[in-house]
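Here is entry.tsv, consisting of TSV, C-alpha atoms:
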chain	number	residue	atom	x	y	z
T	14	MET	CA	19.47	-13.98	-11.72
T	15	ILE	CA	18.86	-10.61	-10.07
T	16	LYS	CA	20.76	-9.05	-12.99
T	17	LEU	CA	18.10	-10.29	-15.37
T	18	PHE	CA	15.35	-8.72	-13.25
T	19	CYS	CA	17.18	-5.40	-13.02
T	20	LYS	CA	18.29	-5.22	-16.64
T	21	ASN	CA	15.67	-2.75	-17.85
T	22	LEU	CA	15.08	-0.78	-14.70
T	23	PRO	CA	16.37	2.74	-14.05
T	24	ARG	CA	19.55	2.89	-11.99
T	25	ASN	CA	17.99	4.08	-8.72
T	26	LEU	CA	15.42	1.30	-8.73
T	27	SER	CA	17.82	-1.41	-9.86
T	28	ASN	CA	20.27	-0.33	-7.13
T	29	LEU	CA	17.50	-0.78	-4.59
T	30	LEU	CA	16.81	-4.29	-5.84
T	31	TYR	CA	20.52	-5.17	-6.04
T	32	ASN	CA	21.21	-3.94	-2.52
T	33	GLU	CA	18.27	-5.79	-1.05
T	34	TYR	CA	19.20	-8.95	-2.90
T	35	ASN	CA	22.88	-8.75	-1.97
T	36	SER	CA	22.19	-8.28	1.72
T	37	TYR	CA	19.78	-11.24	1.78
T	38	GLU	CA	22.20	-13.42	-0.19
T	39	LYS	CA	25.09	-12.56	2.10
T	40	GLU	CA	23.00	-13.42	5.14
T	41	LEU	CA	21.78	-16.62	3.51
T	42	LYS	CA	25.33	-17.80	2.75
T	43	PHE	CA	26.37	-17.02	6.31
T	44	LEU	CA	23.45	-18.98	7.79
T	45	LEU	CA	23.95	-21.99	5.55
T	46	ASN	CA	27.68	-22.10	6.28
T	47	THR	CA	27.43	-21.47	10.01
T	48	TYR	CA	24.46	-23.65	10.95
T	49	ARG	CA	25.10	-26.63	8.68
T	50	ASN	CA	23.17	-29.07	10.87
T	51	ARG	CA	20.11	-26.90	11.27
T	52	TYR	CA	19.94	-26.31	7.53
T	53	ALA	CA	21.05	-29.77	6.44
T	54	TRP	CA	17.91	-30.01	4.26
T	55	THR	CA	19.36	-27.32	1.96
T	56	ASN	CA	22.23	-29.60	0.91
T	57	GLU	CA	20.00	-31.33	-1.61
T	58	ILE	CA	18.97	-28.05	-3.23
T	59	ASP	CA	21.04	-26.22	-5.83
T	60	PHE	CA	21.98	-22.78	-4.42
T	61	GLU	CA	20.76	-21.22	-7.65
T	62	TYR	CA	17.18	-21.97	-6.56
T	63	PHE	CA	17.60	-19.78	-3.50
T	64	GLN	CA	18.98	-17.04	-5.73
T	65	ILE	CA	16.04	-17.31	-8.13
T	66	PHE	CA	13.39	-17.32	-5.42
T	67	LEU	CA	15.01	-14.41	-3.61
T	68	SER	CA	15.13	-12.43	-6.87
T	69	LEU	CA	11.51	-13.31	-7.62
T	70	ALA	CA	10.42	-12.23	-4.14
T	71	ILE	CA	12.24	-8.91	-4.35
T	72	PHE	CA	10.93	-8.24	-7.84
T	73	TYR	CA	7.41	-9.07	-6.68
T	74	ARG	CA	7.60	-6.82	-3.63
T	75	ARG	CA	9.25	-3.88	-5.33
T	76	ILE	CA	7.64	-3.95	-8.78
T	77	ILE	CA	4.65	-6.26	-9.24
T	78	VAL	CA	2.81	-5.22	-6.07
T	79	GLN	CA	3.13	-1.56	-7.03
T	80	LEU	CA	1.86	-2.16	-10.56
T	81	ASP	CA	-1.02	-4.16	-9.14
T	82	SER	CA	-1.83	-1.22	-6.88
T	83	ALA	CA	-2.03	1.12	-9.87
T	84	VAL	CA	-4.37	-1.30	-11.62
T	85	ASP	CA	-6.49	-1.57	-8.48
T	86	PHE	CA	-6.95	2.21	-8.32
T	87	SER	CA	-7.52	2.74	-12.01
T	88	GLU	CA	-10.15	-0.03	-12.15
T	89	ARG	CA	-12.41	2.38	-10.30
T	90	PHE	CA	-12.45	4.57	-13.41
T	91	LEU	CA	-12.21	1.95	-16.13
T	92	PHE	CA	-15.95	1.66	-16.54
T	93	SER	CA	-16.68	5.35	-16.29
T	94	LYS	CA	-17.21	7.09	-19.62
T	95	ASN	CA	-16.54	10.54	-18.17
T	96	ILE	CA	-13.07	9.86	-16.83
T	97	LYS	CA	-10.19	9.46	-19.25
T	98	GLY	CA	-7.60	8.39	-16.71
T	99	ILE	CA	-5.57	9.36	-13.68
T	100	VAL	CA	-3.00	12.13	-13.76
T	101	ILE	CA	0.03	11.44	-11.57
T	102	GLY	CA	2.38	14.42	-11.76
T	103	ASN	CA	2.89	14.96	-15.49
T	104	TYR	CA	1.88	11.46	-16.40
T	105	LEU	CA	-1.55	10.24	-17.53
T	106	LEU	CA	-2.35	6.69	-16.55
T	107	SER	CA	-4.89	5.99	-19.26
T	108	LYS	CA	-7.23	3.02	-19.48
T	109	ALA	CA	-5.05	1.46	-22.19
T	110	GLU	CA	-1.95	1.82	-20.05
T	111	SER	CA	-3.73	0.39	-17.04
T	112	GLU	CA	-4.71	-2.66	-19.10
T	113	LYS	CA	-1.04	-3.14	-20.02
T	114	LEU	CA	-0.13	-3.12	-16.33
T	115	ASN	CA	-2.91	-5.58	-15.62
T	116	THR	CA	-1.43	-7.94	-18.24
T	117	ILE	CA	1.97	-7.82	-16.50
T	118	VAL	CA	0.41	-8.59	-13.12
T	119	ASN	CA	-1.69	-11.40	-14.54
T	120	ASP	CA	1.26	-12.91	-16.44
T	121	PHE	CA	3.33	-12.86	-13.25
T	122	LYS	CA	0.51	-14.54	-11.34
T	123	LEU	CA	0.18	-17.12	-14.11
T	124	LEU	CA	3.89	-17.84	-14.03
T	125	CYS	CA	3.81	-18.27	-10.24
T	126	GLY	CA	0.58	-20.24	-10.41
T	127	LYS	CA	2.14	-22.68	-12.86
T	128	TYR	CA	4.73	-23.53	-10.20
T	129	ASN	CA	2.29	-23.24	-7.30
T	130	ILE	CA	4.24	-20.28	-5.87
T	131	SER	CA	1.91	-18.19	-3.71
T	132	ASN	CA	2.73	-14.65	-2.62
T	133	TYR	CA	2.94	-16.02	0.93
T	134	LEU	CA	6.43	-17.18	-0.02
T	135	PHE	CA	7.39	-13.63	-0.96
T	136	ASP	CA	6.36	-12.12	2.36
T	137	PHE	CA	9.28	-12.44	4.71
T	138	GLU	CA	11.03	-10.06	6.97
T	139	ASN	CA	14.33	-11.83	7.39
T	140	ILE	CA	16.21	-14.63	5.75
T	141	THR	CA	15.27	-17.18	8.44
T	142	GLN	CA	11.62	-16.59	7.66
T	143	PHE	CA	12.38	-16.96	3.95
T	144	LEU	CA	14.15	-20.28	4.56
T	145	PHE	CA	11.21	-21.52	6.63
T	146	LYS	CA	8.72	-20.67	3.87
T	147	PHE	CA	11.02	-22.01	1.17
T	148	ARG	CA	11.26	-25.34	2.99
T	149	GLU	CA	7.47	-25.55	3.27
T	150	TYR	CA	7.14	-24.76	-0.44
T	151	ASN	CA	9.77	-27.33	-1.36
T	152	LYS	CA	7.92	-30.01	0.61
T	153	ASN	CA	4.48	-29.11	-0.77
T	154	ILE	CA	5.52	-28.82	-4.42
T	155	GLY	CA	7.12	-32.26	-4.20
T	156	ILE	CA	3.81	-33.71	-3.00
T	157	SER	CA	1.44	-31.80	-5.29
T	158	SER	CA	3.50	-32.31	-8.46
T	159	ALA	CA	3.73	-36.04	-7.76
T	160	GLU	CA	-0.06	-36.36	-7.33
T	161	THR	CA	-1.92	-37.79	-10.27
A	27	MET	CA	-7.20	-29.12	-12.19
A	28	ARG	CA	-3.81	-28.85	-13.83
A	29	LYS	CA	-0.91	-30.39	-11.92
A	30	PRO	CA	1.56	-27.69	-10.80
A	31	LYS	CA	5.04	-27.83	-12.32
A	32	ASN	CA	7.93	-28.56	-10.05
A	33	PRO	CA	10.73	-26.03	-10.55
A	34	PHE	CA	13.12	-28.39	-8.77
A	35	LYS	CA	12.85	-30.86	-11.64
A	36	ASP	CA	14.02	-28.60	-14.44
A	37	LEU	CA	15.92	-25.50	-13.41
A	38	ASN	CA	16.62	-24.34	-16.96
A	39	LYS	CA	12.98	-24.44	-18.00
A	40	PHE	CA	12.05	-22.40	-14.93
A	41	LYS	CA	14.72	-19.82	-15.75
A	42	ILE	CA	13.63	-19.63	-19.39
A	43	GLU	CA	10.02	-18.95	-18.35
A	44	ILE	CA	11.11	-16.14	-16.03
A	45	ALA	CA	13.35	-14.67	-18.74
A	46	TYR	CA	10.48	-14.84	-21.25
A	47	PHE	CA	8.16	-12.99	-18.85
A	48	LEU	CA	10.75	-10.26	-18.27
A	49	LYS	CA	11.51	-9.88	-21.98
A	50	LYS	CA	7.84	-9.71	-22.91
A	51	HIS	CA	7.11	-6.85	-20.52
A	52	LYS	CA	10.42	-5.03	-20.38
A	53	THR	CA	9.20	-1.85	-22.12
A	54	THR	CA	6.12	-1.37	-19.93
A	55	ILE	CA	7.94	-2.20	-16.70
A	56	SER	CA	10.76	0.15	-17.56
A	57	SER	CA	8.39	3.01	-18.48
A	58	HIS	CA	6.49	2.68	-15.18
A	59	SER	CA	9.44	2.10	-12.89
A	60	ALA	CA	9.85	5.81	-12.08
A	61	ARG	CA	6.33	6.02	-10.65
A	62	ILE	CA	6.34	2.77	-8.77
A	63	SER	CA	6.31	4.15	-5.20
A	64	ASP	CA	3.34	6.42	-6.01
A	65	TYR	CA	1.28	3.41	-6.95
A	66	PHE	CA	1.36	1.92	-3.46
A	67	GLU	CA	0.02	5.13	-1.93
A	68	MET	CA	-2.68	5.25	-4.59
A	69	SER	CA	-3.79	1.76	-3.71
A	70	ASN	CA	-4.20	2.66	-0.04
A	71	TYR	CA	-6.13	5.78	-0.93
A	72	ASN	CA	-8.42	3.52	-2.92
A	73	SER	CA	-8.75	1.13	0.04
A	74	ILE	CA	-10.06	3.97	2.21
A	75	VAL	CA	-12.55	4.96	-0.48
A	76	LYS	CA	-13.68	1.31	-0.63
A	77	PHE	CA	-14.05	1.28	3.19
A	78	TYR	CA	-16.62	4.08	2.94
A	79	GLU	CA	-18.37	2.44	-0.02
A	80	ASN	CA	-18.74	-0.79	1.94
A	81	ASN	CA	-20.14	1.15	4.90
A	82	GLY	CA	-23.04	2.54	2.92
A	83	TYR	CA	-21.60	5.90	1.87
A	84	LYS	CA	-22.24	7.31	-1.60
A	85	VAL	CA	-18.87	7.99	-3.23
A	86	SER	CA	-18.18	10.31	-6.14
A	87	PRO	CA	-14.97	11.72	-7.61
A	88	LYS	CA	-14.90	15.52	-7.52
A	89	ASN	CA	-12.87	18.30	-9.07
A	90	LEU	CA	-12.00	16.30	-12.19
A	91	ILE	CA	-9.81	18.38	-14.44
A	92	LYS	CA	-10.38	17.90	-18.19
A	93	ASN	CA	-12.15	14.61	-17.39
A	94	GLU	CA	-9.09	13.32	-15.61
A	95	PHE	CA	-8.69	12.41	-11.96
A	96	ARG	CA	-5.72	14.50	-10.88
A	97	TYR	CA	-3.96	12.72	-8.02
A	98	LYS	CA	-2.10	14.82	-5.42
A	99	LEU	CA	1.29	13.23	-5.05
A	100	SER	CA	2.99	15.50	-2.56
A	101	PRO	CA	2.14	18.18	0.04
A	102	ALA	CA	3.16	20.84	-2.51
A	103	GLY	CA	0.50	22.29	-4.80
A	104	TYR	CA	-2.85	23.90	-4.21
A	105	PRO	CA	-5.61	21.44	-3.26
A	106	ASN	CA	-8.04	23.08	-5.70
A	107	ASN	CA	-5.84	21.89	-8.57
A	108	PHE	CA	-6.35	18.26	-7.63
A	109	SER	CA	-9.21	15.76	-7.54
A	110	PHE	CA	-10.65	14.06	-4.49
A	111	PHE	CA	-13.57	11.85	-3.47
A	112	GLU	CA	-16.72	13.16	-1.87
A	113	ILE	CA	-18.61	10.75	0.38
A	114	SER	CA	-22.08	11.19	1.81
A	115	LYS	CA	-24.47	9.28	4.06
A	116	THR	CA	-27.97	10.08	5.29
A	117	TYR	CA	-28.91	9.69	8.96
A	118	THR	CA	-31.62	10.84	11.31
A	119	TYR	CA	-30.18	13.77	13.18
A	120	LYS	CA	-32.27	15.74	15.68
A	121	ARG	CA	-35.42	13.93	14.37
A	122	CYS	CA	-34.79	14.97	10.75
A	123	ARG	CA	-33.18	13.08	7.89
A	124	LYS	CA	-29.90	14.75	7.22
A	125	GLU	CA	-27.19	14.11	4.66
A	126	PHE	CA	-23.66	14.21	6.01
A	127	ASP	CA	-20.94	15.04	3.48
A	128	PHE	CA	-17.22	14.53	3.81
A	129	GLU	CA	-14.20	14.59	1.51
A	130	ILE	CA	-11.28	12.18	1.20
A	131	HIS	CA	-8.12	14.08	0.35
A	132	HIS	CA	-4.56	13.08	-0.21
A	133	ASN	CA	-1.61	15.11	1.08
A	134	VAL	CA	-3.51	18.06	2.49
A	135	ALA	CA	-2.08	20.00	5.46
A	136	VAL	CA	-4.05	19.77	8.71
A	137	GLN	CA	-3.85	22.14	11.68
A	138	SER	CA	-2.44	20.69	14.89
A	139	ALA	CA	-4.93	19.92	17.68
A	140	ILE	CA	-2.52	21.39	20.26
A	141	ASN	CA	-1.09	24.53	18.67
A	142	ASN	CA	-3.12	26.43	16.05
A	143	ASN	CA	0.02	27.68	14.30
A	144	LEU	CA	1.37	24.25	13.50
A	145	TYR	CA	0.44	22.11	10.51
A	146	VAL	CA	1.23	18.60	9.47
A	147	THR	CA	0.33	16.68	6.32
A	148	PRO	CA	-0.95	13.14	6.77
A	149	ASP	CA	-1.12	10.96	3.67
A	150	ILE	CA	-4.89	10.60	3.62
A	151	SER	CA	-7.34	12.89	5.44
A	152	ILE	CA	-11.10	12.59	5.75
A	153	ILE	CA	-12.48	16.05	6.34
A	154	SER	CA	-15.84	17.81	6.51
A	155	LYS	CA	-17.06	19.01	3.11
A	156	GLY	CA	-15.62	22.33	1.92
A	157	SER	CA	-13.44	22.86	4.97
A	158	ILE	CA	-10.12	23.69	3.29
A	159	ARG	CA	-9.02	27.18	4.34
A	160	GLU	CA	-6.40	29.57	3.06
A	161	LEU	CA	-3.71	30.94	5.32
A	162	LYS	CA	-2.34	34.26	4.11
A	163	ASP	CA	0.89	34.37	6.03
A	164	PRO	CA	3.97	34.65	3.79
A	165	ARG	CA	6.24	33.30	6.54
A	166	TYR	CA	4.89	29.81	5.87
A	167	PHE	CA	6.52	29.84	2.42
A	168	PHE	CA	10.06	30.44	1.33
A	169	SER	CA	8.93	32.40	-1.71
A	170	GLY	CA	6.58	34.52	0.34
A	171	SER	CA	4.14	34.93	-2.51
A	172	ARG	CA	2.07	31.78	-2.25
A	173	SER	CA	-0.92	30.85	-0.18
A	174	TYR	CA	-0.96	28.02	2.27
A	175	TYR	CA	-4.00	25.76	2.34
A	176	TYR	CA	-4.96	23.73	5.39
A	177	VAL	CA	-7.84	22.03	7.13
A	178	PRO	CA	-8.81	23.37	10.59
A	179	ASN	CA	-8.42	20.60	13.14
A	180	LYS	CA	-12.08	20.72	14.13
A	181	ASN	CA	-12.96	19.64	10.58
A	182	LEU	CA	-10.62	16.67	10.50
A	183	GLN	CA	-12.67	13.51	10.94
A	184	THR	CA	-9.85	11.00	10.70
A	185	PHE	CA	-6.57	10.38	8.89
A	186	CYS	CA	-4.38	7.57	7.58
A	187	GLU	CA	-0.63	7.32	7.24
A	188	VAL	CA	0.85	5.02	4.60
A	189	LYS	CA	4.32	3.46	4.91
A	190	ASN	CA	5.96	1.32	2.29
A	191	PHE	CA	8.25	-0.49	4.78
A	192	ASN	CA	8.49	-3.54	6.93
A	193	PRO	CA	7.17	-2.53	10.36
A	194	PHE	CA	9.69	-1.83	13.11
A	195	PRO	CA	9.10	-0.58	16.68
A	196	GLU	CA	10.18	3.03	16.16
A	197	LEU	CA	7.92	3.42	13.13
A	198	LEU	CA	4.93	2.19	15.11
A	199	PHE	CA	5.57	4.41	18.11
A	200	ASN	CA	6.15	7.43	15.85
A	201	PHE	CA	2.54	7.08	14.81
A	202	ILE	CA	1.47	7.93	18.37
A	203	GLY	CA	3.17	11.32	17.93
A	204	LEU	CA	1.11	12.05	14.84
A	205	LEU	CA	-2.00	10.85	16.61
A	206	GLN	CA	-1.30	13.17	19.53
A	207	GLU	CA	-0.83	16.12	17.18
A	208	LEU	CA	-3.85	15.55	14.96
A	209	LYS	CA	-6.44	13.52	16.88
A	210	ASN	CA	-5.65	13.97	20.54
A	211	ASP	CA	-9.30	13.37	21.44
A	212	VAL	CA	-8.38	9.70	20.94
A	213	PHE	CA	-6.06	10.05	23.97
A	214	ASN	CA	-8.34	11.80	26.39
A	215	LYS	CA	-11.34	9.56	25.64
A	216	ARG	CA	-13.40	12.53	24.39
A	217	GLN	CA	-13.73	10.91	21.01
A	218	SER	CA	-17.18	11.43	19.45
A	219	ASP	CA	-19.39	8.39	18.98
A	220	LYS	CA	-21.95	10.06	16.72
A	221	ASN	CA	-23.05	8.63	13.40
A	222	PRO	CA	-21.92	8.46	10.64
A	223	LYS	CA	-18.89	6.45	11.60
A	224	HIS	CA	-15.39	6.80	10.15
A	225	ILE	CA	-12.40	4.53	10.07
A	226	ALA	CA	-10.31	5.29	13.19
A	227	PRO	CA	-6.91	6.97	12.58
A	228	SER	CA	-4.92	4.31	10.79
A	229	MET	CA	-1.41	3.37	9.86
A	230	MET	CA	-1.10	1.26	6.74
A	231	ILE	CA	2.14	-0.64	6.34
A	232	SER	CA	3.15	-2.70	3.33
A	233	GLY	CA	5.32	-5.30	5.08
A	234	GLY	CA	4.12	-8.06	7.36
A	235	GLY	CA	5.25	-7.86	10.96
A	236	ASN	CA	7.07	-10.31	13.18
A	237	TYR	CA	6.06	-11.44	16.68
A	238	HIS	CA	7.44	-8.34	18.40
A	239	THR	CA	5.97	-5.76	16.03
A	240	ASN	CA	2.63	-7.57	16.21
A	241	LEU	CA	2.72	-7.26	19.99
A	242	ILE	CA	3.34	-3.52	19.69
A	243	ARG	CA	0.56	-3.21	17.13
A	244	LYS	CA	-1.97	-4.95	19.35
A	245	ASP	CA	-0.91	-2.92	22.36
A	246	ILE	CA	-1.23	0.45	20.58
A	247	MET	CA	-4.62	-0.57	19.22
A	248	LYS	CA	-5.73	-1.56	22.72
A	249	ARG	CA	-4.56	1.75	24.21
A	250	TYR	CA	-6.05	4.09	21.61
A	251	LYS	CA	-8.84	3.90	19.04
A	252	THR	CA	-6.59	3.27	16.05
A	253	ASN	CA	-6.00	0.72	13.31
A	254	ILE	CA	-2.58	-0.52	12.36
A	255	PHE	CA	-2.63	-2.67	9.24
A	256	PHE	CA	0.34	-4.89	8.42
A	257	GLY	CA	1.08	-6.84	5.27
A	258	LEU	CA	-0.87	-4.73	2.80
A	259	PHE	CA	1.48	-6.06	0.12
A	260	TYR	CA	-0.26	-9.39	0.09
A	261	SER	CA	-3.53	-8.67	1.86
A	262	ARG	CA	-4.68	-5.35	0.48
A	263	ASN	CA	-8.34	-5.72	1.43
A	264	GLN	CA	-7.88	-5.55	5.24
A	265	PRO	CA	-9.33	-2.03	5.63
A	266	TYR	CA	-12.40	-2.57	3.44
A	267	SER	CA	-13.21	-6.26	3.19
A	268	LYS	CA	-16.80	-6.90	4.34
A	269	LEU	CA	-15.64	-10.13	5.99
A	270	LYS	CA	-12.95	-8.37	8.00
A	271	MET	CA	-14.97	-5.19	8.68
A	272	SER	CA	-15.66	-6.17	12.30
A	273	ASN	CA	-11.90	-6.05	12.95
A	274	VAL	CA	-11.66	-2.44	11.75
A	275	ILE	CA	-11.97	0.10	14.56
A	276	LYS	CA	-14.31	3.01	13.86
A	277	ILE	CA	-14.85	6.42	15.42
A	278	GLY	CA	-17.74	8.89	15.38
A	279	SER	CA	-18.05	12.10	13.39
A	280	LYS	CA	-17.19	15.57	14.65
A	281	PHE	CA	-19.72	18.33	13.95

Encoding of this model in structure tokens:
Amino acid sequence: MIKLFCKNLPRNLSNLLYNEYNSYEKELKFLLNTYRNRYAWTNEIDFEYFQIFLSLAIFYRRIIVQLDSAVDFSERFLFSKNIKGIVIGNYLLSKAESEKLNTIVNDFKLLCGKYNISNYLFDFENITQFLFKFREYNKNIGISSAET
Amino acid sequence: MRKPKNPFKDLNKFKIEIAYFLKKHKTTISSHSARISDYFEMSNYNSIVKFYENNGYKVSPKNLIKNEFRYKLSPAGYPNNFSFFEISKTYTYKRCRKEFDFEIHHNVAVQSAINNNLYVTPDISIISKGSIRELKDPRYFFSGSRSYYYVPNKNLQTFCEVKNFNPFPELLFNFIGLLQELKNDVFNKRQSDKNPKHIAPSMMISGGGNYHTNLIRKDIMKRYKTNIFFGLFYSRNQPYSKLKMSNVIKIGSKF
């Protein structure tokens, strides 16, 4: 799954995402194989889910948050007639471009919202923390999607 | 309210939706990917501006070049070629109403508080209005033909350091070094308490901390008048939110 996320990114950025993903995945496999009893609840879940959620989290932290930051800053100027945009190095972040970024951020939030994935799930420092949050999410989504 | 979908019921549908999102935005994401780390710093710069706005300061962008806000990305470059924010607040000072003006700059060199010949560049500096000085000493540049611009330490009101990392002990303790060099009045309790108030020297970190790093954070904040913000990735409003403002440590102005 991480390949799909990295497909259109420049090499240096995609390497960053790959490396982060690979180290988390390696650690995850080790934990699940070593502490089978502690993580017995993971037996019912297809491993591909862990891969998808890890990829989503890394993509969110490395890409979406940064784009959201750019939108946040440029919003200050969006309603000002005198300011055309923000110059970052040789690049002009115009109002039109900022709106495009806003669409990406909103679409990502919509996608996550559809599945009740909050960014709380994406904030983890180590794989144990990720597993803890993933388990909570798994429990909650089961309850909320079954509610009528 | 719409019932949330359960990804654990249909894996393929979940994957298709992710793939559709990525395909739809691939061109824009790819064209912005080179600038992605700059955006996080920009957001924190904006948070500091919002802090002053929410504390009753008037904020206005200055030095716009061709109607564009020119953002200073690195310590290189002359400050007069870049835009910044000017902030002002009126107070009664010596029985008269007086307007106090400051500037919020990004990547401007500041003179050390200990040795006048040393300079360091914090990410965000809040300085007294019009206090950037020129140092005409060719030894400070490899080319020898450029000027060096800096802010005298007495004009530095406060500063913020931005780190796009998960917090770890060494990173947090390194901040004390910077604090010592730039705002050592925070150490010897000679810190001014005069109005208008500023955000205390702050470290802004993108990642959320664990138990240990949170302990360090609280301890440093208890020892010195500083703010250390964690988890700005998912809770960006910590420095400026009106609800959380009482948690933000403030210091007085230097005149």

>> Residues near T:Asn129, anyone? I mean within 9 Å using all atoms listed in the file, not counting same-chain ones fewer than 2 positions away, as a PyMOL selection string.
In response: (chain T and resi 124-127+131+150+154+157) or (chain A and resi 30-32)

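Across T:Ile101, T:Leu67, T:Leu17, T:Val118, the tightest approach to T:Glu40 is made by T:Leu67 when counting all atoms listed in the file.
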
Each stretch 39-98 of chain T residue no farther than 12 Å from stretch 217-234 of chain A, nearest pair in Å, only C-alpha atoms, as a Markdown table:
| residue | atom | partner | partner_atom | distance |
| --- | --- | --- | --- | --- |
| T:Arg74 | CA | A:Gly233 | CA | 9.1 |
| T:Arg75 | CA | A:Ser232 | CA | 10.7 |
| T:Val78 | CA | A:Ser232 | CA | 9.7 |
| T:Gln79 | CA | A:Ser232 | CA | 10.4 |
| T:Ser82 | CA | A:Ser232 | CA | 11.5 |

>> Taking all atoms listed in the file into account, find every residue of chain A that has an atom no more than 9 Å from chain T, and write it out as a PyMOL selection string.
In response: chain A and resi 28-34+37+40-41+43-45+47-48+50-73+90+92-99+192+233-236+257+259-260+262

Please determine an axis-aligned box that encloses all atoms of stretch 77-93 of chain T listed in the file, with 4 Å added on each side, and express its centre and edge lengths in Å to one decimal as lines of an AutoDock Vina configuration file.
center_x = -6.0
center_y = -0.5
center_z = -11.3
size_x = 29.3
size_y = 19.6
size_z = 18.5

>> Between atom CA of A:Asn143 and atom CA of A:Pro178, what is the distance in Å, rounded to a tenth?
In response: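 Those two atoms sit 10.5 Å apart.
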
> Do you have the atom CA of A:Tyr46-atom CA of T:Ser68 distance handy?
Replying inline: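 Atom CA of T:Ser68 lies 15.3 Å from atom CA of A:Tyr46.
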
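In this model, the gap between atom CA of A:Val188 and atom CA of A:Met247 comes to 16.6 Å.
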
>> At a cut-off of 8 Å, using all atoms listed in the file, what residues contact A:Asp163? Leave out same-chain residues fewer than 2 positions from it and give the result as a list in words.
In response: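 Once the nearby chain positions are removed, what remains is Leu161, Arg165, Tyr166, Ser173 and Tyr174 of chain A.
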
>> Env of stretch 104-119 of chain A: 9 Å cut, atoms = all atoms listed in the file, seq-sep filter 4 positions within chain, self excluded. Answer as a VMD selection string.
In response: chain A and resid 75 78 to 79 82 to 91 94 to 98 123 to 134 155 158 173 to 176 221 to 222

Please supply stretch 38-49 of chain T, rebuilt with N, CA and C atoms, as a CSV table (one decimal), in the frame of the given file.
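The new file result-v1.csv reads:
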chain,number,residue,atom,x,y,z
T,38,GLU,N,21.4,-12.3,0.3
T,38,GLU,CA,22.2,-13.4,-0.2
T,38,GLU,C,23.4,-13.6,0.8
T,39,LYS,N,23.9,-12.5,1.2
T,39,LYS,CA,25.1,-12.6,2.1
T,39,LYS,C,24.7,-13.3,3.4
T,40,GLU,N,23.5,-12.9,3.9
T,40,GLU,CA,23.0,-13.4,5.1
T,40,GLU,C,22.7,-14.9,5.0
T,41,LEU,N,22.1,-15.2,3.8
T,41,LEU,CA,21.8,-16.6,3.5
T,41,LEU,C,23.0,-17.5,3.5
T,42,LYS,N,24.1,-17.0,2.8
T,42,LYS,CA,25.3,-17.8,2.8
T,42,LYS,C,25.9,-18.0,4.1
T,43,PHE,N,25.8,-16.9,4.9
T,43,PHE,CA,26.4,-17.0,6.3
T,43,PHE,C,25.6,-18.1,7.1
T,44,LEU,N,24.3,-18.0,7.0
T,44,LEU,CA,23.4,-19.0,7.8
T,44,LEU,C,23.7,-20.4,7.4
T,45,LEU,N,23.8,-20.6,6.1
T,45,LEU,CA,24.0,-22.0,5.6
T,45,LEU,C,25.3,-22.5,5.9
T,46,ASN,N,26.3,-21.6,5.9
T,46,ASN,CA,27.7,-22.1,6.3
T,46,ASN,C,27.9,-22.3,7.8
T,47,THR,N,27.2,-21.4,8.6
T,47,THR,CA,27.4,-21.5,10.0
T,47,THR,C,26.6,-22.6,10.7
T,48,TYR,N,25.3,-22.7,10.3
T,48,TYR,CA,24.5,-23.6,11.0
T,48,TYR,C,24.2,-24.8,10.0
T,49,ARG,N,25.2,-25.5,9.7
T,49,ARG,CA,25.1,-26.6,8.7
T,49,ARG,C,24.1,-27.7,9.1
